[in-house]
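For reference, run.csv (CSV, C-alpha atoms):
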```csv
chain,number,residue,atom,x,y,z
E,10,MET,CA,11.5,38.7,96.4
E,11,THR,CA,10.3,36.7,93.4
E,12,THR,CA,7.9,38.4,91.1
E,13,PHE,CA,5.8,37.4,88.1
E,14,SER,CA,8.2,39.1,85.7
E,15,ASN,CA,11.0,36.9,86.9
E,16,TYR,CA,9.3,33.9,85.4
E,17,PHE,CA,7.8,35.7,82.3
E,18,PRO,CA,10.1,38.4,81.1
E,19,GLN,CA,8.3,41.1,79.1
E,20,SER,CA,9.2,44.1,77.1
E,21,ASP,CA,8.3,47.4,78.7
E,22,PRO,CA,5.6,48.0,77.7
E,23,PRO,CA,4.6,44.7,75.8
E,24,LEU,CA,4.3,45.1,72.1
E,25,PRO,CA,0.7,44.9,70.6
E,26,PRO,CA,-0.3,41.6,68.9
E,27,TRP,CA,-0.6,43.3,65.5
E,28,GLU,CA,3.2,44.0,65.6
E,29,THR,CA,4.2,40.5,66.9
E,30,LEU,CA,1.7,38.0,65.6
E,31,PRO,CA,1.5,36.8,61.9
E,32,THR,CA,-0.4,39.0,59.5
E,33,MET,CA,-2.9,38.2,56.8
E,34,TYR,CA,-0.1,37.9,54.4
E,35,ASP,CA,1.8,35.5,56.6
E,36,LEU,CA,-1.3,33.3,57.1
E,37,PRO,CA,-2.9,33.0,53.6
E,38,SER,CA,-6.1,31.1,53.0
E,39,ASP,CA,-4.4,28.4,51.0
E,40,ASN,CA,-4.4,24.9,52.5
E,41,PRO,CA,-1.0,23.2,51.9
E,42,GLU,CA,-2.9,20.0,51.1
E,43,GLU,CA,-5.3,21.8,48.7
E,44,PRO,CA,-3.8,25.1,47.4
E,45,GLY,CA,-6.0,27.7,45.9
E,46,LEU,CA,-8.8,27.8,48.5
E,47,PRO,CA,-11.0,30.8,48.1
E,48,ASP,CA,-10.2,34.2,49.6
E,49,ASP,CA,-12.4,37.3,49.3
E,50,PHE,CA,-11.3,37.9,45.7
E,51,HIS,CA,-11.9,34.3,44.8
E,52,PHE,CA,-15.5,34.7,46.0
E,53,LEU,CA,-16.3,38.1,44.5
E,54,GLN,CA,-14.6,37.8,41.1
E,55,PRO,CA,-16.5,34.5,40.1
E,56,LEU,CA,-19.7,36.1,41.4
E,57,LEU,CA,-19.3,39.0,39.0
E,58,LEU,CA,-18.6,36.6,36.1
E,59,TYR,CA,-21.6,34.5,37.1
E,60,LEU,CA,-23.9,37.6,37.1
E,61,THR,CA,-22.7,39.0,33.8
E,62,PHE,CA,-22.5,35.7,31.8
E,63,GLN,CA,-25.4,36.3,29.4
E,64,PRO,CA,-24.6,34.8,26.0
E,65,ILE,CA,-26.9,36.6,23.5
E,66,ASN,CA,-26.7,33.7,21.0
E,67,TRP,CA,-28.3,31.2,23.4
E,68,ASN,CA,-31.6,30.7,25.2
E,69,PRO,CA,-31.0,31.9,28.8
E,70,GLU,CA,-32.7,28.7,30.0
E,71,LEU,CA,-29.8,26.7,28.4
E,72,VAL,CA,-26.9,28.7,29.9
E,73,TYR,CA,-25.2,27.4,33.1
E,74,SER,CA,-22.2,28.6,35.0
E,75,ALA,CA,-20.7,27.8,38.4
E,76,ALA,CA,-17.8,28.7,40.7
E,77,ASP,CA,-15.7,26.4,42.8
E,78,LEU,CA,-17.7,23.4,41.8
E,79,ASN,CA,-16.2,19.9,41.4
E,80,LEU,CA,-15.8,19.1,37.7
E,81,TYR,CA,-15.5,15.3,37.1
E,82,TYR,CA,-14.0,14.4,33.8
E,83,ASP,CA,-12.7,10.8,33.5
E,84,LEU,CA,-14.9,7.7,33.1
E,85,ASP,CA,-12.0,5.5,33.9
E,86,HIS,CA,-11.2,7.4,37.1
E,87,PRO,CA,-14.6,8.7,38.2
E,88,LEU,CA,-13.3,10.1,41.5
E,89,TRP,CA,-10.8,12.4,39.7
E,90,TYR,CA,-12.0,16.0,39.5
E,91,LYS,CA,-10.8,19.6,39.0
E,92,ARG,CA,-12.4,22.6,40.7
E,93,PRO,CA,-12.3,25.6,38.3
E,94,ASP,CA,-12.6,29.1,39.9
E,95,TRP,CA,-15.4,29.7,37.4
E,96,PHE,CA,-16.7,27.9,34.3
E,97,GLY,CA,-19.6,28.5,31.8
E,98,VAL,CA,-21.6,26.0,29.7
E,99,VAL,CA,-24.1,26.6,26.9
E,100,GLY,CA,-26.7,24.1,25.8
E,101,VAL,CA,-27.2,22.8,29.3
E,102,GLN,CA,-30.2,23.5,31.7
E,103,LYS,CA,-29.6,25.5,34.8
E,104,MET,CA,-30.8,22.6,36.9
E,105,TYR,CA,-29.6,19.0,36.6
E,106,LYS,CA,-32.2,17.3,34.2
E,107,GLY,CA,-34.4,20.3,34.9
E,108,GLU,CA,-35.1,19.0,38.4
E,109,ASP,CA,-32.4,19.7,41.0
E,110,LEU,CA,-29.4,22.0,41.9
E,111,ARG,CA,-26.1,20.4,41.0
E,112,LEU,CA,-23.8,19.0,43.7
E,113,SER,CA,-21.1,18.8,41.1
E,114,TYR,CA,-20.7,18.8,37.3
E,115,VAL,CA,-20.2,15.2,36.0
E,116,THR,CA,-19.3,15.5,32.4
E,117,TRP,CA,-20.4,12.0,31.4
E,118,GLN,CA,-23.9,12.8,32.6
E,119,GLU,CA,-24.2,16.2,31.0
E,120,PRO,CA,-25.1,17.1,27.4
E,121,ALA,CA,-22.1,19.4,27.0
E,122,ASN,CA,-18.6,20.1,28.5
E,123,PRO,CA,-17.8,23.6,29.7
E,124,PHE,CA,-17.3,26.2,26.9
E,125,VAL,CA,-15.1,28.5,28.9
E,126,VAL,CA,-13.1,28.2,32.1
E,127,VAL,CA,-11.5,30.9,34.2
E,128,GLU,CA,-8.7,30.3,36.7
E,129,LEU,CA,-7.7,33.0,39.1
E,130,LEU,CA,-4.0,32.7,39.7
E,131,SER,CA,-2.8,31.8,43.3
E,132,PRO,CA,0.9,31.5,44.2
E,133,GLY,CA,0.3,27.8,45.0
E,134,THR,CA,-1.4,26.9,41.8
E,135,GLU,CA,0.1,29.3,39.2
E,136,ASP,CA,2.5,26.8,37.5
E,137,GLU,CA,-0.2,24.2,37.1
E,138,ASP,CA,-2.8,26.7,35.9
E,139,LEU,CA,-0.4,27.9,33.2
E,140,GLY,CA,0.6,24.4,32.1
E,141,ILE,CA,4.2,24.8,33.3
E,142,THR,CA,4.2,21.7,35.5
E,143,GLN,CA,2.7,18.4,34.5
E,144,ASN,CA,1.7,15.6,36.8
E,145,PRO,CA,3.3,12.2,36.7
E,146,THR,CA,1.6,9.7,34.5
E,147,ALA,CA,0.3,7.6,37.4
E,148,LYS,CA,-1.4,10.6,39.0
E,149,PRO,CA,-4.4,12.7,37.9
E,150,PRO,CA,-3.5,15.1,35.0
E,151,SER,CA,-3.0,18.8,35.5
E,152,LYS,CA,-5.8,21.3,35.0
E,153,TRP,CA,-4.2,22.3,31.7
E,154,GLU,CA,-4.1,18.7,30.4
E,155,VAL,CA,-7.7,18.2,31.5
E,156,TYR,CA,-9.1,21.4,29.9
E,157,GLU,CA,-7.0,21.0,26.7
E,158,ARG,CA,-6.8,17.2,26.0
E,159,ILE,CA,-9.6,15.6,27.9
E,160,LEU,CA,-12.5,18.0,27.9
E,161,ARG,CA,-11.3,20.1,25.0
E,162,ILE,CA,-12.7,23.3,26.4
E,163,PRO,CA,-12.7,25.9,23.6
E,164,TYR,CA,-11.6,28.9,25.8
E,165,TYR,CA,-9.3,28.8,28.8
E,166,ILE,CA,-8.7,32.1,30.6
E,167,VAL,CA,-6.2,32.9,33.4
E,168,PHE,CA,-6.3,36.2,35.4
E,169,SER,CA,-3.9,37.4,38.1
E,170,ARG,CA,-5.1,39.9,40.6
E,171,TYR,CA,-1.5,40.5,41.7
E,172,THR,CA,-0.3,41.7,38.3
E,173,ASN,CA,-3.8,42.4,36.7
E,174,GLU,CA,-2.5,40.3,33.8
E,175,LEU,CA,-5.1,38.6,31.6
E,176,LYS,CA,-4.0,35.6,29.5
E,177,ALA,CA,-6.3,33.7,27.1
E,178,PHE,CA,-6.0,30.4,25.2
E,179,GLN,CA,-8.2,29.0,22.5
E,180,LEU,CA,-8.3,25.4,21.4
E,181,VAL,CA,-6.9,25.1,17.9
E,182,GLY,CA,-6.2,21.8,16.3
E,183,GLY,CA,-6.4,19.9,19.6
E,184,HIS,CA,-4.0,22.2,21.6
E,185,TYR,CA,-4.2,25.6,23.2
E,186,GLU,CA,-2.8,28.7,21.4
E,187,ALA,CA,-2.5,32.1,23.0
E,188,ILE,CA,-5.1,34.7,21.9
E,189,ASN,CA,-4.3,38.2,21.1
E,190,LEU,CA,-6.6,40.7,22.9
E,191,THR,CA,-8.9,43.0,20.8
E,192,GLU,CA,-9.0,46.4,22.6
E,193,GLY,CA,-8.1,44.6,25.8
E,194,ARG,CA,-10.8,42.0,25.4
E,195,ILE,CA,-11.1,38.4,24.4
E,196,LEU,CA,-13.7,38.0,21.7
E,197,MET,CA,-16.0,34.9,21.7
E,198,PRO,CA,-18.3,35.3,18.7
E,199,GLU,CA,-19.9,31.9,19.4
E,200,LEU,CA,-21.4,33.4,22.5
E,201,GLY,CA,-21.9,37.0,21.2
E,202,LEU,CA,-19.7,38.1,24.2
E,203,SER,CA,-16.2,39.3,25.0
E,204,LEU,CA,-14.3,39.1,28.2
E,205,GLY,CA,-12.1,41.9,29.5
E,206,VAL,CA,-10.7,43.8,32.5
E,207,TRP,CA,-12.9,46.6,33.9
E,208,GLN,CA,-12.0,49.3,36.4
E,209,GLY,CA,-15.0,49.9,38.6
E,210,ALA,CA,-16.9,49.2,41.8
E,211,PHE,CA,-18.5,45.8,42.4
E,212,ARG,CA,-20.1,45.3,45.8
E,213,ASP,CA,-18.6,48.7,46.8
E,214,ILE,CA,-15.1,47.6,46.1
E,215,ASN,CA,-13.3,49.6,43.4
E,216,ARG,CA,-10.6,47.8,41.6
E,217,LEU,CA,-9.8,46.0,38.4
E,218,TRP,CA,-12.3,43.2,37.7
E,219,LEU,CA,-12.7,40.6,35.0
E,220,ARG,CA,-16.2,40.7,33.5
E,221,TRP,CA,-18.3,40.1,30.4
E,222,PHE,CA,-19.0,42.6,27.7
E,223,THR,CA,-20.8,42.5,24.4
E,224,LEU,CA,-18.7,41.9,21.3
E,225,ALA,CA,-18.8,45.7,20.7
E,226,GLY,CA,-17.4,46.3,24.1
E,227,GLU,CA,-20.5,47.4,26.0
E,228,LEU,CA,-20.8,46.2,29.6
E,229,ILE,CA,-23.2,43.4,30.4
E,230,ALA,CA,-25.0,44.8,33.5
E,231,GLU,CA,-25.3,42.8,36.6
E,232,PRO,CA,-28.7,43.1,38.5
E,233,THR,CA,-27.8,45.9,40.9
E,234,GLU,CA,-26.4,47.9,38.0
E,235,GLU,CA,-29.7,47.3,36.1
E,236,VAL,CA,-31.7,48.6,39.0
E,237,VAL,CA,-29.5,51.8,39.2
E,238,ALA,CA,-29.7,52.3,35.4
E,239,ALA,CA,-33.5,51.9,35.5
E,240,THR,CA,-33.8,54.4,38.3
E,241,GLU,CA,-31.6,56.9,36.5
E,242,ARG,CA,-33.7,56.5,33.3
E,243,ALA,CA,-36.9,57.1,35.3
E,244,ILE,CA,-35.4,60.2,36.9
E,245,ILE,CA,-34.3,61.5,33.5
E,246,ALA,CA,-37.7,60.8,32.0
E,247,GLU,CA,-39.4,62.6,34.9
E,248,GLN,CA,-37.0,65.6,34.5
E,249,GLU,CA,-37.7,65.7,30.7
E,250,ALA,CA,-41.5,65.6,31.3
E,251,GLU,CA,-41.3,68.4,33.8
E,252,GLN,CA,-39.2,70.5,31.4
E,253,ALA,CA,-41.6,69.9,28.6
E,254,LYS,CA,-44.5,70.9,30.9
E,255,ARG,CA,-42.7,74.1,31.8
E,256,LYS,CA,-42.1,74.9,28.1
E,257,ALA,CA,-45.7,74.3,27.3
E,258,GLU,CA,-46.8,76.6,30.1
E,259,GLN,CA,-44.4,79.3,28.9
E,260,LEU,CA,-45.7,79.0,25.4
E,261,ALA,CA,-49.3,79.3,26.5
E,262,GLU,CA,-48.5,82.4,28.5
E,263,ARG,CA,-46.8,83.9,25.6
E,264,LEU,CA,-49.8,83.3,23.3
E,265,ARG,CA,-52.1,84.9,25.9
E,266,GLN,CA,-49.9,88.0,25.9
E,267,LEU,CA,-50.4,88.1,22.1
E,268,GLY,CA,-54.1,87.9,22.5
E,269,VAL,CA,-54.5,84.3,21.5
E,270,ASN,CA,-56.3,81.8,23.8
E,271,PRO,CA,-54.3,78.6,23.7
E,272,ASP,CA,-57.3,76.6,24.9
E,273,GLU,CA,-59.1,77.4,21.6
E,274,LEU,CA,-56.2,76.2,19.4
E,275,VAL,CA,-56.8,72.9,17.6
```

Please, can you express the file's structure as structure tokens?
Amino acid sequence: MTTFSNYFPQSDPPLPPWETLPTMYDLPSDNPEEPGLPDDFHFLQPLLLYLTFQPINWNPELVYSAADLNLYYDLDHPLWYKRPDWFGVVGVQKMYKGEDLRLSYVTWQEPANPFVVVELLSPGTEDEDLGITQNPTAKPPSKWEVYERILRIPYYIVFSRYTNELKAFQLVGGHYEAINLTEGRILMPELGLSLGVWQGAFRDINRLWLRWFTLAGELIAEPTEEVVAATERAIIAEQEAEQAKRKAEQLAERLRQLGVNPDELV
């Protein structure tokens, strides 16, 4: 007698799909034709940078930053672009010409180039991000070449979530030189800020994050942290007021015991 199993042999019992099918690590988010496409970390980390990028030396209305936005850089090749994981600009309005949200950042139509760029290392883009590989002359230049030689971006930051390693480069004499960290942070006095690695919870995920600090090393709070801090301050103020009220009542009672009417005291 012919049965179904004669045609489709199976293990007994069949293995569950999570043991036989590819895992998240076998099926990464990167597209072979466009490596470095965002995953969860590539969404959350730039968001934290965006929320805490508050240069104290600049009018907030002239501070702009973006994540995963096309950055066009070459007048002779207007279709060439790079897509930094995050970049920040000062001296530029948040909206294009003060009128509209940007579809891309076209450097020849903006008053300033990015001041700082952050790339989050991915296995498919690591060599290019670190300037190890260079593109052939006939093809678009690498990120490193664009940031260093064409746009001359003052600070270039590279961070790996796999090793938690932070590398920073500053434009000196037309080329990038590695920056020594100060107490684990990259100082940018032109902005009144520093950039470093922080262990903490962002969007309820506790890990090491790259975020902005003051030059002195104090955290730049993001909006939800500001709300929590304001709530905590209000609670403390209420507790202090209640404690002061109790002390005043205790003092008044003590004066009455001594035959002094506190209401008659000036």

At a cut-off of 10 Å from (-23.2, 41.1, 31.1) in the coordinates of the file, what residues are picked up using only C-alpha atoms, written as number ranges by chain?
-> E: 57-65, 202-204, 220-223, 227-232

Please indicate the distance in Å from CA of Leu56 (chain E) to CA of Leu224 (chain E), rounded to one decimal place.
->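 Separation between CA of Leu56 (chain E) and CA of Leu224 (chain E): 20.9 Å.
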
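Once Val167 (chain E) and its same-chain neighbours fewer than 2 positions away are set aside, Val127, Glu128, Leu129, Leu130, Tyr165, Ser169, Leu175, Lys176 and Ala177 of chain E remain within 7 Å of it when counting all atoms listed in the file.
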
Write out as an NGL selection string each polymer residue whose atoms come within 9 Å of Ser74 (chain E), counting only C-alpha atoms; drop sequence neighbours fewer than 6 positions from it.
-> :E and (58-59 or 62 or 95-99 or 103 or 123)

Write the residues you've just listed into a file as a JSON list (two decimals), in the coordinates of the input, and include C-alpha atoms for each of them.
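This went into result_20.json:
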```json
[["chain", "number", "residue", "atom", "x", "y", "z"],
["E", 58, "LEU", "CA", -18.60, 36.60, 36.10],
["E", 59, "TYR", "CA", -21.60, 34.50, 37.10],
["E", 62, "PHE", "CA", -22.50, 35.70, 31.80],
["E", 95, "TRP", "CA", -15.40, 29.70, 37.40],
["E", 96, "PHE", "CA", -16.70, 27.90, 34.30],
["E", 97, "GLY", "CA", -19.60, 28.50, 31.80],
["E", 98, "VAL", "CA", -21.60, 26.00, 29.70],
["E", 99, "VAL", "CA", -24.10, 26.60, 26.90],
["E", 103, "LYS", "CA", -29.60, 25.50, 34.80],
["E", 123, "PRO", "CA", -17.80, 23.60, 29.70]]
```

Residues within 10 Å of (-23.1, 11.9, 34.2), file coords, only C-alpha atoms, listed as a ChimeraX atom specification | /E:81-82,84,87,105,113-120

In terms of the shortest atom-to-atom distance over all atoms listed in the file, which of E:Gly193, E:Pro25, E:Gly205, E:Pro93 is closest to Asp77 (chain E)?
->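 Smallest separation from Asp77 (chain E) among the options: E:Pro93.
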
CA of Lys152 (chain E) and CA of Ala76 (chain E) are how many Å apart?
->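 Distance between the two atoms: 15.2 Å.
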
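Using only C-alpha atoms, the smallest distance between any of E:Leu196, E:Pro69, E:Ile214, E:Pro149 and Trp89 (chain E) comes from E:Pro149.
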
Would you mind reading off the distance between CA of Glu154 (chain E) and CA of Pro55 (chain E), one decimal, in Å?
->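 Straight-line distance from CA of Glu154 (chain E) to CA of Pro55 (chain E) works out to 22.3 Å.
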
Counting only C-alpha atoms, what is within 7 Å of Leu217 (chain E), bar same-chain residues fewer than 4 positions away, as a PyMOL selection string?
-> chain E and resi 206-209
